[in-house]
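Participant: Would you mind keeping the following structure in view while I ask a few things?
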Amino acid sequence: MDALTSFVPSWGTAEEWNEAYEKVENYLRAYRVESRLHRARLIQKVLQRVADRGQPADGTPLTTLAIREVQAMIQEWFDKLLPEPGASDAQGRLGLLLCDGQTRWPYCFLDPERVPEEMIASMRKAMLRAGPDLAISNMVPRDIDLGLMPEFVGEALETFHKQPVIKAVILWALLLGLLAFLFWYTR
Amino acid sequence: MNIDARQLTQRRIVFFSTILLLTSVGTWVMADILWRGGMTPLKFTILCVFVPLFGLVSLGFAQALFGFWMLRRGGDPYRISLTLKEDDNTPLPVTAIALPIYNEDVSQVYEGLRVMFRSLEALGQADRFDFFILSDSNDPNKWIEEEVSWVELCKQLKGFGRIFYRHRQMPLHRKSGNISDFCRRWGARYRYMVILDADSLMSGKALVSLVRMMEANPRVGIIQSGPQLIRSETLYGRILQFASTLYGPVFMAGLNFWQCKEGNYWGHNAIIRLAPFIEHCALPDIPGQPPGTSKFMSHDYVEAALMLRSGYEVWLAYDLPGSFEGGPPSLIDAAKRDRRWCKGNLQHAWLLFAKAFRRASRLHLFLGIMSYVSSLLWLILLVLGTIQFRRVSLTPRGYDYDVGLSRLLDIGGGRLALGLFLFTMALLLAPKVFSWWLAIRNPEQRRRFGGGWRLTFSCLIEQLFSMLMAPIQMLFHSLFVVTILGGYEVTWGTQKRSAEGAVDWGDAIRMHAIQMFIGVLWGALAWQIHPALFWWMSPVFAGMVLSIPFSMFVGQTAPARVLARAKLLTTPQEQAVPHEVAQLDRNLATVRGRIPPPEPLRNEYGFMQVVLDPLVNAVHVSLLRQRHKQRREPGGYYAALEDKVLRDGPNALTRREKMALLLHPVSMARLHRQIWLLPDAQLSPWWTMAMRQYNILTSRPATALYR
């Protein structure tokens, strides 16, 4: 914990560093870094690296600098573990999830020295497959001879569906029929 | 299973002769009653409507009668399950289990899958089955929940390479399109495919038995199992569950009696031979809307007809245990489902005269249509009957004079009408009596239904509720038929499959107000015509007038629990819970016992996860990249959406916009990066809250499976 106690940022306000601390902590927790000890160590490392780079001239917020730093560290870590350096970090994240890295090796995240071979191997072979290898089939509908139906009914229905006026006329006829019935009934 | 054409024809002649005989008797008596005072156009119309309805009643009775006979003699000698060998240990071909889903309850689907996987594992057959979750979900949150749950489930079951998840970007042609897409991609890899519904559950033994039956019968294209309803929590669900468990076997045995190898397919809990299915069962367009042609909404009956047309057999394995499904929790949810089915079944009218279709297929299609059209016919019959009664009441002698049959039998017209009524009731109730008799005579079954007295009392409760439900369903179905044929679109929302928040007063009033109004008006009219008419029709009016409170009442879980404690409306599956069902209950109780995400985040939880969570984002982006490797950098439209969602939160985007973003891997990767990089001031407050809350939410494995 020496490093933690000795780290005092030389620029930025305490409030800004608090915000950066919280943001990095949130980010690491989203990565499932559940060990508080390890998390605290990593946050300190990230913030120290930000502090060492000095205050940016363009006024970039400290939280952004801190997240940029931790993202760079993660990419660097993935580059060391994955077979193709520079591959998408999504591949590394996926490997971490599929091999249950954070649960099985809780102190290894972002620490290349501690990563066991088993973790590296698990992460490298981690891959999601939405399905087995394709075996394409040609499923083509065959025509059905509908016989008499389309001739007799098809056109009538077609016309009925396409003509709102006909629909309305039928509704009116029903209404008139109901009125006629009521008239007849009340005589 | 061999049944030659002569035997099958003989069975059908006996079966349909019974229906013809019963219908002839009913029609004769009805005509005799109506003949008094001369035949009028109104009376003739009544007779014309009466005949098909009585035919359907007779068909139901005949089916139950022959089913009862078959079950009494120890089972049909022509049933597909007889081809199963006791000690068959021959290695099975790898079979695909397809689970097409569309915005379903993810926990229900995945926990069901877990139970089936474990059940197969226990039999040592897990490696002979590949599971395919085929998602058409267009709810962004459901989609992400499905992906996350799939990864978690695979990790827990070590199921990578055995359990697959595929999401379609464009859900073309609904469920049938979903299945066809699977067939086109992977169908050639498998000999068989088992189709399940979102709430289906099958034991490992049932799955293995289906495959073995297919292996033993190379000319069989489809075997449909007879799923039992399970896990009903509302009163409506329990009534349905009890009725289907007690009465279902008799009807299904009867169905098998006349259909044998020319059976039907109900869309799920069935096994399909893939090669002929791919070759012959792709669904063509049918005439009608939209522009020029449309697609079949209800694919199963048509696929069975096409399979039969291609020369393969379709069987019903009605006695196969271990096949389960869920039922709708309320009358309203049943109506929503029925509306969909009604629309699909009415489309089948196009196929009634299709060339090369088997007669059995035409009959299946016709019965499917009539299952809804008959409601409209009943309504017409009751209305015409009311009008006719008024006319008769105005004549001095009414029907009570002797002509024709009543003179021959020396009874008045009134008594003859009463006789016809009792005959109809006997035909309607006999199937229930057959089923009751079978259960009461079998000590084991009787015990599993709660004992003799409880079984009898449960039957009476079921009968009372069925009586009240019938007029409500009649009005619903009539409305569906009229609006669908009239080309009117009525949106009813998605159907619920569980009892959670089954019915509220608002829903009940909106759905049943017209029915209540019709009941009150019709009842008053009947009373005014003649009190006797009112009392005769009172069960119909009671159902309609009480529809709102009744629908509310049967949609509740509290009365169901009271009856369950008293062991009423209980079923053998409850008394001796099958292992798989018990396991599913336990799993779902665990899942649902967990604390849900905070209210403001709950509705967008999936979207929040995929943007915030680096691991969930990685899963999503990886799956997208597998299917869309050549995605270009997102253009202005996507950049604008990204800005909007970051600035205003996910609630500011429409579902379509969210789906557009979710379908774009570059956008999703960039959103994840940006959300963490941007200072709080440039983010919607929703996101800053989500980041802080997500800390708490991710303290345990953060998968939808645990939510």
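Residues in the structure tokens are numbered from 1 in each chain, the chains being A, B, ... in the order shown, and ligands are numbered from 1 in the order shown.
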Can you tell me, as a PyMOL selection string, which residues in range 648-699 of chain B count as helix (DSSP H, G or I) by DSSP?
Facilitator: chain B and resi 648+650-652+655-662+665-677+680-682+685-697
Participant: With a cut-off of 8 Å, could you pull out the residues of chain B touching chain A and give me the nearest pair of atoms for each, distance in Å to one decimal, using only C-alpha atoms, ordered by chain and ascending number, as JSON lines?
Facilitator:
```
{"residue": "B:Phe132", "atom": "CA", "partner": "A:Gly131", "partner_atom": "CA", "distance": 7.7}
{"residue": "B:Val151", "atom": "CA", "partner": "A:Leu98", "partner_atom": "CA", "distance": 7.9}
{"residue": "B:Lys155", "atom": "CA", "partner": "A:Leu98", "partner_atom": "CA", "distance": 7.2}
{"residue": "B:Phe160", "atom": "CA", "partner": "A:Leu128", "partner_atom": "CA", "distance": 7.8}
{"residue": "B:Gly161", "atom": "CA", "partner": "A:Pro132", "partner_atom": "CA", "distance": 7.2}
{"residue": "B:Phe164", "atom": "CA", "partner": "A:Gly131", "partner_atom": "CA", "distance": 5.2}
{"residue": "B:Tyr165", "atom": "CA", "partner": "A:Ala130", "partner_atom": "CA", "distance": 5.0}
{"residue": "B:Arg166", "atom": "CA", "partner": "A:Ala130", "partner_atom": "CA", "distance": 5.4}
{"residue": "B:Ser180", "atom": "CA", "partner": "A:Met139", "partner_atom": "CA", "distance": 7.3}
{"residue": "B:Cys183", "atom": "CA", "partner": "A:Ser137", "partner_atom": "CA", "distance": 6.9}
{"residue": "B:Arg184", "atom": "CA", "partner": "A:Ser137", "partner_atom": "CA", "distance": 4.6}
{"residue": "B:Arg185", "atom": "CA", "partner": "A:Ile136", "partner_atom": "CA", "distance": 4.8}
{"residue": "B:Trp186", "atom": "CA", "partner": "A:Ala135", "partner_atom": "CA", "distance": 5.0}
{"residue": "B:Gly187", "atom": "CA", "partner": "A:Ser137", "partner_atom": "CA", "distance": 6.7}
{"residue": "B:Ala188", "atom": "CA", "partner": "A:Ala135", "partner_atom": "CA", "distance": 5.5}
{"residue": "B:Arg189", "atom": "CA", "partner": "A:Ala135", "partner_atom": "CA", "distance": 6.0}
{"residue": "B:Ile278", "atom": "CA", "partner": "A:Met139", "partner_atom": "CA", "distance": 5.2}
{"residue": "B:Glu279", "atom": "CA", "partner": "A:Met139", "partner_atom": "CA", "distance": 6.1}
{"residue": "B:His280", "atom": "CA", "partner": "A:Arg142", "partner_atom": "CA", "distance": 7.0}
{"residue": "B:Cys281", "atom": "CA", "partner": "A:Pro141", "partner_atom": "CA", "distance": 7.0}
{"residue": "B:Ala282", "atom": "CA", "partner": "A:Pro141", "partner_atom": "CA", "distance": 4.4}
{"residue": "B:Leu283", "atom": "CA", "partner": "A:Pro141", "partner_atom": "CA", "distance": 5.3}
{"residue": "B:Pro284", "atom": "CA", "partner": "A:Pro141", "partner_atom": "CA", "distance": 4.9}
{"residue": "B:Pro287", "atom": "CA", "partner": "A:Gly154", "partner_atom": "CA", "distance": 7.0}
{"residue": "B:Gly288", "atom": "CA", "partner": "A:Glu158", "partner_atom": "CA", "distance": 6.1}
{"residue": "B:Gln289", "atom": "CA", "partner": "A:His161", "partner_atom": "CA", "distance": 7.6}
{"residue": "B:Trp350", "atom": "CA", "partner": "A:Met149", "partner_atom": "CA", "distance": 5.9}
{"residue": "B:Leu351", "atom": "CA", "partner": "A:Leu146", "partner_atom": "CA", "distance": 5.9}
{"residue": "B:Leu352", "atom": "CA", "partner": "A:Met149", "partner_atom": "CA", "distance": 7.9}
{"residue": "B:Phe353", "atom": "CA", "partner": "A:Gly147", "partner_atom": "CA", "distance": 5.5}
{"residue": "B:Ala354", "atom": "CA", "partner": "A:Leu146", "partner_atom": "CA", "distance": 4.0}
{"residue": "B:Lys355", "atom": "CA", "partner": "A:Asp145", "partner_atom": "CA", "distance": 5.5}
{"residue": "B:Gly486", "atom": "CA", "partner": "A:Lys167", "partner_atom": "CA", "distance": 7.1}
{"residue": "B:Gly487", "atom": "CA", "partner": "A:His161", "partner_atom": "CA", "distance": 5.9}
{"residue": "B:Leu612", "atom": "CA", "partner": "A:Ala30", "partner_atom": "CA", "distance": 7.6}
{"residue": "B:Asp613", "atom": "CA", "partner": "A:Ala30", "partner_atom": "CA", "distance": 5.6}
{"residue": "B:Pro614", "atom": "CA", "partner": "A:Tyr31", "partner_atom": "CA", "distance": 6.3}
{"residue": "B:Leu615", "atom": "CA", "partner": "A:Arg93", "partner_atom": "CA", "distance": 5.5}
{"residue": "B:Asn617", "atom": "CA", "partner": "A:Ala90", "partner_atom": "CA", "distance": 7.6}
{"residue": "B:Ala618", "atom": "CA", "partner": "A:Ala90", "partner_atom": "CA", "distance": 4.6}
{"residue": "B:Val619", "atom": "CA", "partner": "A:Leu94", "partner_atom": "CA", "distance": 6.0}
{"residue": "B:Val621", "atom": "CA", "partner": "A:Ala90", "partner_atom": "CA", "distance": 7.2}
{"residue": "B:Ser622", "atom": "CA", "partner": "A:Ala90", "partner_atom": "CA", "distance": 7.1}
{"residue": "B:Leu623", "atom": "CA", "partner": "A:Ala130", "partner_atom": "CA", "distance": 6.9}
{"residue": "B:Gln626", "atom": "CA", "partner": "A:Ala130", "partner_atom": "CA", "distance": 7.9}
{"residue": "B:Ala669", "atom": "CA", "partner": "A:Ala90", "partner_atom": "CA", "distance": 7.8}
{"residue": "B:Trp676", "atom": "CA", "partner": "A:Ile67", "partner_atom": "CA", "distance": 6.7}
{"residue": "B:Leu677", "atom": "CA", "partner": "A:Thr64", "partner_atom": "CA", "distance": 4.8}
{"residue": "B:Leu678", "atom": "CA", "partner": "A:Thr64", "partner_atom": "CA", "distance": 6.1}
{"residue": "B:Pro679", "atom": "CA", "partner": "A:Thr64", "partner_atom": "CA", "distance": 6.3}
{"residue": "B:Met691", "atom": "CA", "partner": "A:Asn26", "partner_atom": "CA", "distance": 6.8}
{"residue": "B:Arg692", "atom": "CA", "partner": "A:Asn26", "partner_atom": "CA", "distance": 6.9}
{"residue": "B:Tyr694", "atom": "CA", "partner": "A:Ala30", "partner_atom": "CA", "distance": 7.3}
{"residue": "B:Asn695", "atom": "CA", "partner": "A:Asn26", "partner_atom": "CA", "distance": 6.1}
{"residue": "B:Thr698", "atom": "CA", "partner": "A:Ala30", "partner_atom": "CA", "distance": 6.6}
{"residue": "B:Ser699", "atom": "CA", "partner": "A:Glu34", "partner_atom": "CA", "distance": 7.2}
```
Participant: What lies within 8 Å of Val106 in chain B using only C-alpha atoms, ignoring chain neighbours under 5 positions off, as number ranges by chain?
Facilitator: B: 142, 145-146, 149, 705
Participant: Could you jot down the CA of Phe607 in chain B to CA of Asn141 in chain B separation for me, Å, one decimal place?
Facilitator: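 About the pair CA of Phe607 in chain B and CA of Asn141 in chain B: they are 5.5 Å apart.
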Participant: From the DSSP assignment of the backbone, select every residue of range 242-310 of chain B that is strand (DSSP E or B), and format the answer as a VMD selection string.
Facilitator: chain B and resid 262 270 to 273 286 to 287 293 to 294
Participant: Report as a ChimeraX atom specification all protein, DNA and RNA residues lying within 8 Å of range 72-75 of chain A, evaluated on only C-alpha atoms, omitting residues in the same chain fewer than 3 positions from it.
Facilitator: /A:68-69,78-79,86,89,110
Participant: One number please: CA of Gly254 in chain B to CA of Ala64 in chain B, in Å, one decimal.
Facilitator: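 Going from CA of Gly254 in chain B over to CA of Ala64 in chain B covers 5.6 Å.
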Participant: Near Met119 in chain A, counting only C-alpha atoms, which residues have an atom at most 9 Å away, once you skip same-chain residues fewer than 2 positions from it, shown as a PDB file with C-alpha atoms, in the first residue's frame?
Facilitator:
```
ATOM      1  CA  LEU A  81      -2.475 -12.319 -24.134  1.00  0.00           C
ATOM      2  CA  LEU A  96     -12.309 -12.835 -20.304  1.00  0.00           C
ATOM      3  CA  CYS A  99     -13.036 -18.285 -19.413  1.00  0.00           C
ATOM      4  CA  GLY A 101     -11.177 -15.010 -15.812  1.00  0.00           C
ATOM      5  CA  ARG A 104     -10.959 -17.990 -11.409  1.00  0.00           C
ATOM      6  CA  TRP A 105      -7.955 -15.659 -11.351  1.00  0.00           C
ATOM      7  CA  VAL A 115      -1.482 -14.405 -15.700  1.00  0.00           C
ATOM      8  CA  PRO A 116      -1.196 -18.211 -15.708  1.00  0.00           C
ATOM      9  CA  GLU A 117      -0.778 -20.154 -18.917  1.00  0.00           C
ATOM     10  CA  ALA A 121      -4.960 -20.619 -23.325  1.00  0.00           C
ATOM     11  CA  SER A 122      -8.610 -20.301 -22.233  1.00  0.00           C
ATOM     12  CA  MET A 123      -8.843 -16.735 -23.465  1.00  0.00           C
ATOM     13  CA  ARG A 124      -7.248 -17.569 -26.794  1.00  0.00           C
TER      14      ARG A 124
END
```
Participant: Please list as a ChimeraX atom specification every residue within 8 Å of range 383-387 of chain B, counting only C-alpha atoms and excluding residues in the same chain fewer than 6 positions away.
Facilitator: /B:42,46,526,533
Participant: Output the selection as a compact mmCIF listing (two decimals), in the first residue's frame - N, CA and C atoms for each residue.
Facilitator:
```txt
# COMPACT_ATOMS: atom_id res chain seq x y z
N LEU B 42 -87.29 -18.49 -42.40
CA LEU B 42 -86.56 -18.39 -41.14
C LEU B 42 -86.27 -19.78 -40.57
N ILE B 46 -82.75 -21.73 -39.92
CA ILE B 46 -82.37 -22.33 -38.62
C ILE B 46 -81.91 -23.77 -38.83
N ALA B 526 -85.44 -11.32 -24.32
CA ALA B 526 -85.96 -12.68 -24.14
C ALA B 526 -87.03 -12.70 -23.06
N LEU B 533 -88.46 -18.43 -22.31
CA LEU B 533 -87.29 -18.29 -23.20
C LEU B 533 -86.10 -17.78 -22.41
```
Participant: Any idea what the distance is between CA of Tyr488 in chain B and CA of Asn103 in chain B?
Facilitator: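 Rounded to one decimal, the two atoms are 24.9 Å apart.
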